[in-house]
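Below is work_35.txt, holding compact mmCIF, C-alpha atoms.
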# COMPACT_ATOMS: atom_id res chain seq x y z
CA MET Y 618 0.00 0.00 0.00
CA ASN Y 619 1.21 3.51 -0.87
CA ASN Y 620 1.86 5.65 2.22
CA ILE Y 621 2.08 8.95 0.28
CA ILE Y 622 -0.62 11.55 0.93
CA THR Y 623 -0.63 14.52 -1.47
CA LEU Y 624 -1.87 18.04 -0.82
CA ASP Y 625 -2.21 20.44 -3.74
CA LYS Y 626 -3.53 23.90 -2.80
CA THR Y 627 -3.46 27.27 -4.54
CA ILE Y 628 -4.08 30.84 -3.43
CA GLU Y 629 -4.00 34.13 -5.32
CA VAL Y 630 -3.00 37.44 -3.76
CA THR Y 631 -2.80 41.03 -4.89
CA ARG Y 632 0.90 41.52 -4.33
CA LYS Y 633 3.90 41.61 -6.63
CA LEU Y 634 5.48 38.25 -7.35
CA HIS Y 635 8.99 39.18 -6.15
CA GLU Y 636 7.55 40.42 -2.82
CA VAL Y 637 5.61 37.18 -2.34
CA PHE Y 638 8.62 35.04 -3.21
CA THR Y 639 10.92 37.02 -0.91
CA TYR Y 640 8.48 36.67 2.01
CA VAL Y 641 7.80 32.94 1.59
CA SER Y 642 11.36 31.88 0.71
CA GLU Y 643 12.58 33.06 4.14
CA PHE Y 644 10.75 30.04 5.52
CA SER Y 645 11.33 30.95 9.18
CA ARG Y 646 8.44 33.40 8.65
CA ILE Y 647 6.02 30.45 8.58
CA GLU Y 648 5.17 31.12 12.23
CA GLN Y 649 3.63 34.44 11.11
CA TRP Y 650 1.06 32.72 8.92
CA ASP Y 651 0.63 29.07 9.93
CA PRO Y 652 -1.39 28.83 13.16
CA ALA Y 653 -0.10 25.28 13.82
CA VAL Y 654 3.48 26.56 14.19
CA ALA Y 655 4.77 27.52 17.64
CA LYS Y 656 8.25 28.68 16.60
CA ALA Y 657 10.40 28.73 13.48
CA SER Y 658 14.18 29.13 13.31
CA LYS Y 659 16.69 29.32 10.50
CA LEU Y 660 19.51 26.85 11.15
CA SER Y 661 21.79 28.00 8.33
CA SER Y 662 23.29 31.40 7.62
CA GLY Y 663 22.94 33.68 4.63
CA LYS Y 664 20.12 34.42 2.24
CA PRO Y 665 17.62 31.68 1.43
CA GLY Y 666 18.84 29.30 -1.26
CA VAL Y 667 19.82 25.70 -1.91
CA GLY Y 668 21.03 24.24 1.39
CA SER Y 669 19.10 26.64 3.65
CA ARG Y 670 17.77 24.73 6.66
CA TYR Y 671 14.95 25.52 9.09
CA GLN Y 672 13.54 24.03 12.28
CA ILE Y 673 9.78 24.41 12.63
CA ASP Y 674 8.43 23.61 16.11
CA MET Y 675 4.77 22.67 15.94
CA LYS Y 676 2.21 23.46 18.64
CA ALA Y 677 1.38 19.73 18.66
CA GLY Y 678 4.78 19.10 20.30
CA PHE Y 679 7.03 17.87 17.49
CA SER Y 680 9.53 19.53 15.15
CA LEU Y 681 9.91 19.59 11.39
CA TYR Y 682 13.30 20.01 9.72
CA TYR Y 683 13.18 21.67 6.30
CA GLU Y 684 15.96 21.95 3.74
CA ILE Y 685 15.71 23.82 0.44
CA ILE Y 686 16.97 21.47 -2.28
CA GLU Y 687 15.97 23.53 -5.34
CA PHE Y 688 15.64 27.31 -5.49
CA GLU Y 689 14.52 29.24 -8.57
CA ALA Y 690 14.23 32.92 -7.60
CA ASN Y 691 10.71 34.28 -8.07
CA LYS Y 692 9.54 30.92 -9.44
CA ARG Y 693 9.88 27.89 -7.21
CA LEU Y 694 11.07 26.34 -3.95
CA LEU Y 695 11.52 22.61 -3.45
CA MET Y 696 12.11 21.46 0.11
CA THR Y 697 12.54 18.19 1.96
CA VAL Y 698 10.90 17.78 5.35
CA ASP Y 699 11.96 15.36 8.05
CA SER Y 700 10.27 14.66 11.38
CA LYS Y 701 9.57 11.81 13.79
CA LEU Y 702 6.05 11.43 12.35
CA PHE Y 703 6.65 11.67 8.59
CA THR Y 704 8.89 12.81 5.77
CA ALA Y 705 7.77 15.00 2.89
CA VAL Y 706 8.75 16.84 -0.23
CA GLU Y 707 7.10 20.25 -0.53
CA GLU Y 708 7.08 22.39 -3.64
CA ILE Y 709 5.89 25.99 -3.76
CA VAL Y 710 5.39 27.49 -7.22
CA PHE Y 711 4.94 31.23 -7.84
CA THR Y 712 3.36 32.74 -10.99
CA THR Y 713 2.12 36.19 -11.97
CA THR Y 714 -1.65 36.56 -12.29
CA ASP Y 715 -2.19 40.25 -13.11
CA THR Y 716 -0.22 42.95 -14.87
CA ASP Y 717 -0.98 46.67 -14.69
CA THR Y 718 -1.12 47.57 -18.40
CA ASP Y 719 -0.39 51.26 -17.74
CA THR Y 720 2.90 50.60 -15.96
CA ASP Y 721 3.58 47.05 -17.23
CA THR Y 722 4.20 45.85 -13.67
CA ASP Y 723 3.02 42.66 -12.03
CA THR Y 724 0.30 43.21 -9.43
CA GLY Y 725 -0.90 39.72 -8.56
CA THR Y 726 0.62 36.37 -7.67
CA LYS Y 727 -0.58 32.78 -7.59
CA VAL Y 728 1.04 30.52 -4.99
CA ARG Y 729 0.66 26.78 -5.52
CA TYR Y 730 1.65 24.47 -2.65
CA ILE Y 731 2.19 20.81 -3.49
CA ALA Y 732 3.24 18.44 -0.71
CA ASN Y 733 3.81 14.71 -0.79
CA PHE Y 734 3.76 13.38 2.77
CA ASN Y 735 5.18 9.92 3.44
CA PHE Y 736 3.49 8.63 6.60
CA PRO Y 737 4.06 5.31 8.38
CA ALA Y 738 1.38 2.80 7.27
CA PRO Y 739 -0.98 3.21 10.29
CA VAL Y 740 -1.02 7.01 9.99
CA ALA Y 741 -1.46 6.85 6.20
CA ILE Y 742 -4.48 4.56 6.63
CA ILE Y 743 -6.04 6.91 9.20
CA SER Y 744 -5.37 9.90 6.89
CA ARG Y 745 -7.04 8.12 3.97
CA LEU Y 746 -10.08 7.29 6.12
CA ASN Y 747 -10.37 10.94 7.18
CA PRO Y 748 -9.00 13.05 4.29
CA GLY Y 749 -10.65 16.20 5.64
CA VAL Y 750 -8.00 16.53 8.35
CA MET Y 751 -5.12 17.04 5.90
CA ASP Y 752 -7.29 19.32 3.78
CA ARG Y 753 -8.08 21.52 6.79
CA VAL Y 754 -4.41 21.72 7.76
CA GLY Y 755 -3.46 22.83 4.23
CA ASN Y 756 -6.38 25.26 3.89
CA THR Y 757 -5.71 26.87 7.28
CA ALA Y 758 -2.02 27.41 6.55
CA LEU Y 759 -2.63 28.85 3.08
CA GLU Y 760 -5.44 31.10 4.28
CA GLY Y 761 -3.03 32.44 6.92
CA LEU Y 762 -0.46 33.02 4.17
CA ARG Y 763 -3.04 34.86 2.06
CA LYS Y 764 -3.90 37.17 4.96
CA ALA Y 765 -0.24 37.85 5.72
CA LEU Y 766 0.51 38.64 2.07
CA GLU Y 767 -2.50 40.87 1.56
CA ASP Y 768 -1.46 42.85 4.61
CA ASN Y 769 -4.68 44.82 4.76
CA PHE Y 770 -5.34 44.57 8.46
CA THR Y 771 -7.38 47.29 10.11
CA ALA Y 772 -5.40 49.48 12.45
CA PRO Y 773 -6.33 49.11 16.11
CA LYS Y 774 -8.28 51.99 17.59
CA ALA Y 775 -6.83 53.76 20.59
CA SER Y 776 -8.84 53.56 23.78
CA LYS Y 777 -10.04 56.77 25.40
CA VAL Y 778 -7.36 56.41 28.08
CA LEU Y 779 -4.59 56.17 25.45
CA ALA Y 780 -6.01 59.10 23.50
CA VAL Y 781 -5.92 61.29 26.64
CA ALA Y 782 -2.42 60.04 27.53
CA ASP Y 783 -1.18 60.90 24.03
CA LYS Y 784 -2.44 64.44 24.47
CA LEU Y 785 -0.63 64.72 27.80
CA ILE Y 786 2.72 63.46 26.52
CA LEU Y 787 3.89 66.82 25.21
CA PRO Y 788 3.62 68.61 28.57
CA GLY Y 789 5.32 65.65 30.25
CA VAL Y 790 8.15 65.54 27.72
CA TRP Y 791 8.66 69.31 28.01
CA ARG Y 792 8.86 69.06 31.81
CA PHE Y 793 11.24 66.09 31.63
CA THR Y 794 13.67 67.84 29.29
CA ARG Y 795 13.58 71.10 31.26
CA LEU Y 796 14.04 69.57 34.70
CA ASN Y 797 16.34 66.85 35.97
CA LYS Y 798 14.99 63.91 37.95
CA ARG Y 799 15.03 65.93 41.21
CA GLY Y 800 12.90 68.66 39.70
CA GLN Y 801 15.79 71.13 39.49
CA SER Y 802 16.26 73.13 36.35
CA HIS Y 803 19.25 72.33 34.14
CA PHE Y 804 19.14 75.90 32.90
CA LYS Y 805 20.50 78.35 35.48

Show the structure stored in the file as structure tokens.
Amino acid sequence: MNNIITLDKTIEVTRKLHEVFTYVSEFSRIEQWDPAVAKASKLSSGKPGVGSRYQIDMKAGFSLYYEIIEFEANKRLLMTVDSKLFTAVEEIVFTTTDTDTDTDTDTGTKVRYIANFNFPAPVAIISRLNPGVMDRVGNTALEGLRKALEDNFTAPKASKVLAVADKLILPGVWRFTRLNKRGQSHFK
């Protein structure tokens, strides 16, 4: 029996392709968009490229070890994944979706995530009996990526207390710069 489970998901965002690629290729940023990730660390030095390695600590209590094995700037990442629970090969493909005809610049990007997970036989059987679990994991991660890339979050509103405090900062700053900590003037 084949123990490979494949996920193939695609999102589209309104952001330039090179910006999307730059953000995703620094894979330690995964903790900013995948809610299942507790912490992500880059284990290698330098810019992302072939040989870059990452440790991804999952909230479920295990770690994933990624290594970029193919790197085509602004086009594609191919990574191996190793963990106690499974191994995988993950490919992320980037393509332009929209071009502004007035300026001839790319304005949209499609991100396609293809992962082939190799689970031990018992886990593969359970995954096949309940395919919705893997689908939800993939959908949740990619929806988080879409939100991070679209970066159109509403700014938080200041509370009334903060608004009043902001108005009182200037008199406080003026007093602090005019007087030392004992309340004596520096200017005599």

Within 9 Å of (3.1, 28.0, -1.0) (coordinates as in the file), grab all the protein and nucleic acid residues, counting all atoms listed in the file, and write them out as a PyMOL selection string.
chain Y and resi 626-628+641+694+707-711+727-731+759+762

How many Å lie between atom CA of Tyr683 of chain Y and atom CA of Tyr640 of chain Y, rounded to one decimal?
16.3 Å

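Coordinates place atom CA of Asn735 of chain Y at a distance of 5.5 Å from atom CA of Asn620 of chain Y.
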
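Atom CA of Asp715 of chain Y lies 18.2 Å from atom CA of Thr639 of chain Y.
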
Counting only C-alpha atoms, what are the residues of segment 669-717 of chain Y within 12 Å of segment 649-662 of chain Y, and for each of them which pair of atoms is the nearest and at what distance in Å, to one decimal? Sort the table by chain and rising number, as JSON lines.
{"residue": "Y:Ser669", "atom": "CA", "partner": "Y:Ser661", "partner_atom": "CA", "distance": 5.6}
{"residue": "Y:Arg670", "atom": "CA", "partner": "Y:Leu660", "partner_atom": "CA", "distance": 5.3}
{"residue": "Y:Tyr671", "atom": "CA", "partner": "Y:Lys659", "partner_atom": "CA", "distance": 4.4}
{"residue": "Y:Gln672", "atom": "CA", "partner": "Y:Ser658", "partner_atom": "CA", "distance": 5.2}
{"residue": "Y:Ile673", "atom": "CA", "partner": "Y:Ala657", "partner_atom": "CA", "distance": 4.4}
{"residue": "Y:Asp674", "atom": "CA", "partner": "Y:Lys656", "partner_atom": "CA", "distance": 5.1}
{"residue": "Y:Met675", "atom": "CA", "partner": "Y:Val654", "partner_atom": "CA", "distance": 4.5}
{"residue": "Y:Lys676", "atom": "CA", "partner": "Y:Ala655", "partner_atom": "CA", "distance": 4.9}
{"residue": "Y:Ala677", "atom": "CA", "partner": "Y:Ala653", "partner_atom": "CA", "distance": 7.5}
{"residue": "Y:Gly678", "atom": "CA", "partner": "Y:Ala655", "partner_atom": "CA", "distance": 8.8}
{"residue": "Y:Phe679", "atom": "CA", "partner": "Y:Ala655", "partner_atom": "CA", "distance": 9.9}
{"residue": "Y:Ser680", "atom": "CA", "partner": "Y:Val654", "partner_atom": "CA", "distance": 9.3}
{"residue": "Y:Leu681", "atom": "CA", "partner": "Y:Ala657", "partner_atom": "CA", "distance": 9.4}
{"residue": "Y:Tyr682", "atom": "CA", "partner": "Y:Leu660", "partner_atom": "CA", "distance": 9.3}
{"residue": "Y:Tyr683", "atom": "CA", "partner": "Y:Lys659", "partner_atom": "CA", "distance": 9.4}
{"residue": "Y:Glu684", "atom": "CA", "partner": "Y:Leu660", "partner_atom": "CA", "distance": 9.6}
{"residue": "Y:Ile685", "atom": "CA", "partner": "Y:Ser661", "partner_atom": "CA", "distance": 10.8}

Skip Ile686 of chain Y itself and residues of its chain fewer than 5 positions away, then list as a compact mmCIF listing (two decimals) with C-alpha atoms, in the coordinates of the input all residues within 10 Å of it, counting all atoms listed in the file.
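Below is the file part_36.txt, written as the result:
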# COMPACT_ATOMS: atom_id res chain seq x y z
CA GLY Y 666 18.84 29.30 -1.26
CA VAL Y 667 19.82 25.70 -1.91
CA GLY Y 668 21.03 24.24 1.39
CA SER Y 669 19.10 26.64 3.65
CA ARG Y 670 17.77 24.73 6.66
CA LEU Y 694 11.07 26.34 -3.95
CA LEU Y 695 11.52 22.61 -3.45
CA MET Y 696 12.11 21.46 0.11
CA THR Y 697 12.54 18.19 1.96
CA VAL Y 706 8.75 16.84 -0.23

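Closest approach to Phe703 of chain Y from the set Y:Asn756, Y:Ser645, Y:Asn733, Y:Asn691 is made by Y:Asn733, with distances taken over all atoms listed in the file.
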
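Comparing Y:Leu634, Y:Val754, Y:Ile647, Y:Ala705 by their smallest distance to Thr724 of chain Y, the closest is Y:Leu634 (using all atoms listed in the file).
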
Selected residue of minimal separation from Gly755 of chain Y among Y:Phe734, Y:Val637, Y:Asp699, Y:Gly663, counting all atoms listed in the file
Y:Phe734

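Closest approach to Thr712 of chain Y from the set Y:Glu629, Y:Glu687, Y:Glu643, Y:Glu767 is made by Y:Glu629, with distances taken over only C-alpha atoms.
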
Using all atoms listed in the file, which of the listed residues (Y:Phe736, Y:Asp768, Y:Gly725, Y:Ala690) sits closest to Leu702 of chain Y?
Y:Phe736
